[in-house]
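K.L.:
Sharing target.txt here; it has compact mmCIF, C-alpha atoms.
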# COMPACT_ATOMS: atom_id res chain seq x y z
CA MET A 1 -15.28 -3.31 -20.32
CA SER A 2 -17.95 -3.36 -17.62
CA LEU A 3 -17.83 -5.42 -14.45
CA VAL A 4 -20.77 -7.52 -15.65
CA GLU A 5 -18.97 -8.27 -18.94
CA MET A 6 -15.71 -9.10 -17.17
CA ILE A 7 -17.45 -11.60 -14.88
CA ALA A 8 -19.25 -13.12 -17.89
CA ARG A 9 -15.92 -13.61 -19.72
CA ALA A 10 -13.76 -14.71 -16.77
CA ASP A 11 -12.36 -18.22 -16.61
CA GLU A 12 -12.75 -20.55 -13.63
CA ARG A 13 -9.77 -19.14 -11.72
CA GLY A 14 -10.77 -15.54 -12.46
CA LEU A 15 -14.28 -16.21 -11.16
CA ALA A 16 -12.98 -17.88 -8.00
CA VAL A 17 -10.56 -15.01 -7.37
CA SER A 18 -13.26 -12.42 -8.05
CA GLY A 19 -15.69 -13.94 -5.54
CA LEU A 20 -12.97 -14.67 -3.00
CA ALA A 21 -11.57 -11.14 -3.24
CA CYS A 22 -15.02 -9.67 -2.55
CA LEU A 23 -15.41 -12.00 0.43
CA ASP A 24 -11.89 -11.21 1.63
CA ARG A 25 -12.56 -7.47 1.65
CA CYS A 26 -15.67 -8.13 3.78
CA VAL A 27 -13.96 -10.41 6.34
CA PRO A 28 -14.05 -7.68 9.03
CA LEU A 29 -17.84 -8.14 9.11
CA LEU A 30 -17.39 -11.87 9.71
CA GLY A 31 -15.11 -11.35 12.70
CA GLY A 32 -12.21 -13.02 10.94
CA GLY A 33 -8.56 -12.13 11.02
CA ASP A 34 -6.47 -11.13 8.04
CA GLU A 35 -5.22 -14.67 7.42
CA VAL A 36 -8.50 -16.59 7.70
CA LEU A 37 -9.01 -16.89 3.93
CA ARG A 38 -5.37 -17.76 3.11
CA PRO A 39 -6.20 -21.47 2.59
CA LEU A 40 -8.67 -20.54 -0.15
CA TRP A 41 -6.22 -18.15 -1.79
CA ALA A 42 -3.60 -20.91 -1.73
CA SER A 43 -6.04 -23.33 -3.40
CA LEU A 44 -6.14 -21.01 -6.42
CA ALA A 45 -2.39 -21.14 -7.05
CA GLN A 46 -1.42 -22.63 -10.40
CA ALA A 47 -0.07 -25.89 -8.94
CA ALA A 48 -3.00 -26.49 -6.53
CA PRO A 49 -5.47 -29.23 -7.54
CA ALA A 50 -9.05 -28.02 -8.05
CA GLU A 51 -10.24 -30.42 -5.32
CA ASP A 52 -8.35 -28.39 -2.71
CA TRP A 53 -10.94 -25.63 -3.02
CA GLY A 54 -13.77 -27.63 -1.39
CA GLN A 55 -11.64 -28.94 1.45
CA ARG A 56 -10.21 -25.53 2.24
CA LEU A 57 -13.62 -23.90 1.97
CA GLU A 58 -14.86 -26.19 4.73
CA GLN A 59 -11.85 -25.23 6.88
CA VAL A 60 -12.64 -21.56 6.41
CA ARG A 61 -16.32 -22.07 7.18
CA GLY A 62 -15.28 -23.88 10.35
CA ALA A 63 -13.06 -20.97 11.34
CA LEU A 64 -15.81 -18.41 10.71
CA ASP A 65 -19.31 -18.72 12.06
CA THR A 66 -21.49 -18.92 8.93
CA ALA A 67 -24.70 -18.16 10.83
CA ASP A 68 -25.58 -14.59 9.93
CA GLY A 69 -27.27 -13.76 13.23
CA GLY A 70 -29.45 -11.21 11.43
CA ALA A 71 -28.24 -8.37 13.67
CA ASP A 72 -26.73 -6.27 10.91
CA GLU A 73 -27.65 -6.30 7.23
CA ALA A 74 -24.07 -5.74 6.05
CA ALA A 75 -22.79 -8.63 8.18
CA ALA A 76 -25.66 -10.83 7.00
CA LEU A 77 -24.65 -10.18 3.37
CA ALA A 78 -21.03 -11.11 4.16
CA HIS A 79 -22.18 -14.33 5.83
CA ARG A 80 -24.29 -15.18 2.77
CA MET A 81 -21.24 -14.70 0.54
CA LEU A 82 -19.33 -17.29 2.58
CA ALA A 83 -22.30 -19.66 2.85
CA GLY A 84 -22.97 -19.39 -0.90
CA ALA A 85 -19.46 -20.34 -2.01
CA PRO A 86 -19.68 -23.47 -4.17
CA ALA A 87 -17.91 -26.55 -2.84
CA GLU A 88 -16.83 -27.50 -6.36
CA ARG A 89 -14.52 -25.22 -8.28
CA SER A 90 -16.40 -25.24 -11.58
CA ALA A 91 -17.06 -22.28 -13.87
CA ALA A 92 -20.86 -22.57 -13.68
CA GLY A 93 -21.12 -22.41 -9.88
CA LEU A 94 -18.31 -19.91 -9.56
CA ARG A 95 -19.82 -17.52 -12.12
CA GLU A 96 -23.05 -17.22 -10.14
CA TRP A 97 -21.14 -16.91 -6.85
CA ALA A 98 -18.74 -14.28 -8.24
CA ASP A 99 -21.68 -12.25 -9.53
CA ASP A 100 -23.55 -12.57 -6.21
CA CYS A 101 -20.40 -11.62 -4.27
CA SER A 102 -19.86 -8.60 -6.50
CA VAL A 103 -23.37 -7.30 -5.84
CA ALA A 104 -23.20 -8.11 -2.11
CA ALA A 105 -19.80 -6.44 -1.64
CA LEU A 106 -21.02 -3.32 -3.43
CA ARG A 107 -24.18 -3.25 -1.30
CA ILE A 108 -22.09 -3.67 1.87
CA HIS A 109 -19.82 -0.80 0.91
CA ARG A 110 -22.84 1.32 0.01
CA MET A 111 -24.43 0.63 3.42
CA LEU A 112 -21.25 1.33 5.34
CA ASP A 113 -20.75 4.58 3.42
CA GLY A 114 -24.24 5.69 4.39
CA ALA A 115 -25.58 5.95 0.82
CA ALA A 116 -29.35 5.85 0.68
CA ASP A 117 -30.19 3.07 -1.77
CA ASP A 118 -28.96 0.56 -4.33
CA SER A 119 -30.38 2.43 -7.33
CA GLY A 120 -26.98 3.22 -8.89
CA LEU A 121 -25.41 -0.21 -8.36
CA ALA A 122 -26.78 -1.97 -11.42
CA GLY A 123 -25.77 0.89 -13.69
CA ALA A 124 -22.30 1.13 -12.14
CA ARG A 125 -21.72 -2.62 -12.61
CA ARG A 126 -23.00 -2.44 -16.18
CA ASP A 127 -21.03 0.69 -17.11
CA GLY A 128 -17.95 0.01 -15.01
CA ARG A 129 -17.77 3.67 -14.02
CA PRO A 130 -17.90 4.99 -10.46
CA ASP A 131 -19.48 8.33 -11.48
CA GLY A 132 -21.90 9.56 -8.85
CA LEU A 133 -21.12 6.80 -6.36
CA SER A 134 -20.08 7.44 -2.77
CA PRO A 135 -16.30 7.28 -2.19
CA LEU A 136 -16.25 3.89 -0.44
CA LEU A 137 -18.56 2.36 -3.04
CA ALA A 138 -16.57 3.80 -5.95
CA ALA A 139 -13.35 2.37 -4.50
CA GLU A 140 -14.95 -1.08 -4.17
CA LEU A 141 -16.12 -0.98 -7.79
CA ARG A 142 -12.58 -0.06 -8.91
CA ARG A 143 -11.10 -2.90 -6.83
CA GLN A 144 -13.48 -5.43 -8.37
CA LEU A 145 -12.56 -4.26 -11.85
CA THR A 146 -8.84 -4.29 -11.04
CA VAL A 147 -8.93 -7.86 -9.69
CA LEU A 148 -10.61 -9.14 -12.86
CA GLU A 149 -8.26 -7.15 -15.08
CA LEU A 150 -5.21 -8.57 -13.28
CA LEU A 151 -6.39 -12.16 -13.76
CA ALA A 152 -7.40 -11.58 -17.38
CA ALA A 153 -4.04 -10.00 -18.22
CA HIS A 154 -1.71 -12.19 -16.17
CA GLY A 155 -3.55 -15.45 -15.48
CA PRO A 156 -2.30 -17.27 -12.38
CA ALA A 157 0.58 -14.79 -12.11
CA GLY A 158 -1.98 -12.06 -11.32
CA LEU A 159 -3.10 -13.87 -8.17
CA ARG A 160 -0.55 -12.18 -5.88
CA LYS A 161 -1.47 -8.69 -7.10
CA ALA A 162 -5.19 -9.51 -6.79
CA LEU A 163 -4.55 -10.52 -3.18
CA GLN A 164 -2.74 -7.21 -2.58
CA VAL A 165 -5.71 -5.27 -3.98
CA SER A 166 -8.03 -7.25 -1.75
CA THR A 167 -5.83 -6.74 1.32
CA GLU A 168 -5.89 -2.98 0.78
CA GLY A 169 -9.69 -3.06 0.53
CA ARG A 170 -9.98 -5.19 3.67
CA ARG A 171 -7.91 -2.67 5.63
CA VAL A 172 -10.14 0.15 4.45
CA LEU A 173 -13.30 -1.74 5.38
CA ARG A 174 -11.85 -2.77 8.75
CA ALA A 175 -11.23 0.93 9.52
CA VAL A 176 -14.79 1.83 8.46
CA VAL A 177 -16.27 -0.97 10.59
CA SER A 178 -14.14 0.08 13.57
CA ARG A 179 -15.13 3.73 13.21
CA ARG A 180 -18.78 2.72 12.90
CA SER A 181 -18.70 0.54 16.03
CA ARG A 182 -17.07 3.35 18.05
CA ARG A 183 -19.73 5.76 16.83
CA ASP A 184 -22.62 3.35 17.50
CA GLY A 185 -21.15 1.87 20.70
Any chance you could put this one into structure tokens?
P.N.:
Amino acid sequence: MSLVEMIARADERGLAVSGLACLDRCVPLLGGGDEVLRPLWASLAQAAPAEDWGQRLEQVRGALDTADGGADEAAALAHRMLAGAPAERSAAGLREWADDCSVAALRIHRMLDGAADDSGLAGARRDGRPDGLSPLLAAELRRQLTVLELLAAHGPAGLRKALQVSTEGRRVLRAVVSRRSRRDG
């Protein structure tokens, strides 16, 4: 199943996790530490009331500067992902956000990998195959698919594994951002 189809079929929790996982992997561009999004992850646990999402989202926004600064296109996309998160955890708002986060995260990984343009992104999302994509971009596509597969197969029990997939991706992106700043600095 393609990434586009998986997002279209995901339930509320799957959509929230999908968008949050994309944002989590891009946290190094927001200047946040590894634990900054933990309150949002916790709000997606099975026992957490849906209202917790909005309150915890505001905490996270307070901890991270949501102004994109415009200095770097990749960072600006990450800031827009955070700013665009819906305050209400409803399927309609989350579906649009998850889709936007998917595209933004792929574009960020494409930019940081030095690929020339976005021409292959739509096809990759539609086909769900990383053929012909740069290594960093292909890995991000696989992570997005894996997160949605985990939630579809395991429901709330897949949350921990989805977080692990996201953590691995964040570490990779943090290393890329660090290497890039040393090169450019």
K.L.:
Mind pulling up the distance from atom CA of A:Asp52 to atom CA of A:Ala74?
P.N.:
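That distance, rounded to one decimal, is 28.9 Å.
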K.L.:
When you look at stretch 77-89 of chain A with a cut-off of 8 Å (counting all atoms listed in the file), what residues show up, excluding the ones that are within fewer than 6 positions of it in the same chain? I need them as a PyMOL selection string.
P.N.:
chain A and resi 12+16+23+26-27+29-30+50-51+53-55+57+61+66-68+97+100-101+104-105+108
K.L.:
Output the selection as a short mmCIF file (atom, residue, chain, number, x, y, z; two decimals), in the coordinates of the input - C-alpha atoms for each residue.
P.N.:
data_model
loop_
_atom_site.label_atom_id
_atom_site.label_comp_id
_atom_site.auth_asym_id
_atom_site.auth_seq_id
_atom_site.Cartn_x
_atom_site.Cartn_y
_atom_site.Cartn_z
CA GLU A 12 -12.75 -20.55 -13.63
CA ALA A 16 -12.98 -17.88 -8.00
CA LEU A 23 -15.41 -12.00 0.43
CA CYS A 26 -15.67 -8.13 3.78
CA VAL A 27 -13.96 -10.41 6.34
CA LEU A 29 -17.84 -8.14 9.11
CA LEU A 30 -17.39 -11.87 9.71
CA ALA A 50 -9.05 -28.02 -8.05
CA GLU A 51 -10.24 -30.42 -5.32
CA TRP A 53 -10.94 -25.63 -3.02
CA GLY A 54 -13.77 -27.63 -1.39
CA GLN A 55 -11.64 -28.94 1.45
CA LEU A 57 -13.62 -23.90 1.97
CA ARG A 61 -16.32 -22.07 7.18
CA THR A 66 -21.49 -18.92 8.93
CA ALA A 67 -24.70 -18.16 10.83
CA ASP A 68 -25.58 -14.59 9.93
CA TRP A 97 -21.14 -16.91 -6.85
CA ASP A 100 -23.55 -12.57 -6.21
CA CYS A 101 -20.40 -11.62 -4.27
CA ALA A 104 -23.20 -8.11 -2.11
CA ALA A 105 -19.80 -6.44 -1.64
CA ILE A 108 -22.09 -3.67 1.87
#
K.L.:
Figure out the distance between atom CA of A:Ala139 and atom CA of A:Gly31, please, to one decimal in Å.
P.N.:
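Separating atom CA of A:Gly31 from atom CA of A:Ala139 is a distance of 22.1 Å.
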K.L.:
Would you compute the distance between atom CA of A:Gly158 and atom CA of A:Val176? Give it in Å to one decimal.
P.N.:
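The value is 27.4 Å.
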K.L.:
Measuring atom to atom with only C-alpha atoms, identify which of A:Glu149, A:Asp131, A:Glu96, A:Asp113 is nearest to A:Arg179.
P.N.:
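Ranked by minimum distance to A:Arg179, first place goes to A:Asp113.
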K.L.:
Considering all atoms listed in the file, return as a tab-separated table (two decimals) with C-alpha atoms, in the frame of the given file whatever protein or nucleic-acid residues lie within 6 Å of stretch 166-168 of chain A, sequence-local ones (same chain, fewer than 3 positions apart) excluded.
P.N.:
chain	number	residue	atom	x	y	z
A	21	ALA	CA	-11.57	-11.14	-3.24
A	25	ARG	CA	-12.56	-7.47	1.65
A	163	LEU	CA	-4.55	-10.52	-3.18
A	171	ARG	CA	-7.91	-2.67	5.63
K.L.:
Using all atoms listed in the file for the distances, tell me which of A:Leu106, A:Leu112, A:Ala45, A:Ala157 is nearest to A:Leu3.
P.N.:
A:Leu106
K.L.:
Which residue out of A:Met6, A:Leu20, A:Leu137, A:Ala63 has the minimum interatomic distance to A:Ala42 when only C-alpha atoms are used?
P.N.:
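The answer is A:Leu20, which sits nearest to A:Ala42.
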K.L.:
Determine the nearest neighbour of A:Ser178 from the options A:Gln46, A:His154, A:Pro28, A:Glu73, counting only C-alpha atoms.
P.N.:
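So, comparing all the options, the nearest one is A:Pro28.
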K.L.:
Find the residue from A:Gly128, A:Pro135, A:Pro49, A:Gly123 that sits nearest to A:Ile7; use only C-alpha atoms when measuring.
P.N.:
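Distance minimum relative to A:Ile7 lands on A:Gly128.
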K.L.:
For A:Gly62, which residue out of A:Val36, A:Ala75, A:Ala138, A:Arg143 is the nearest one, using all atoms listed in the file?
P.N.:
A:Val36
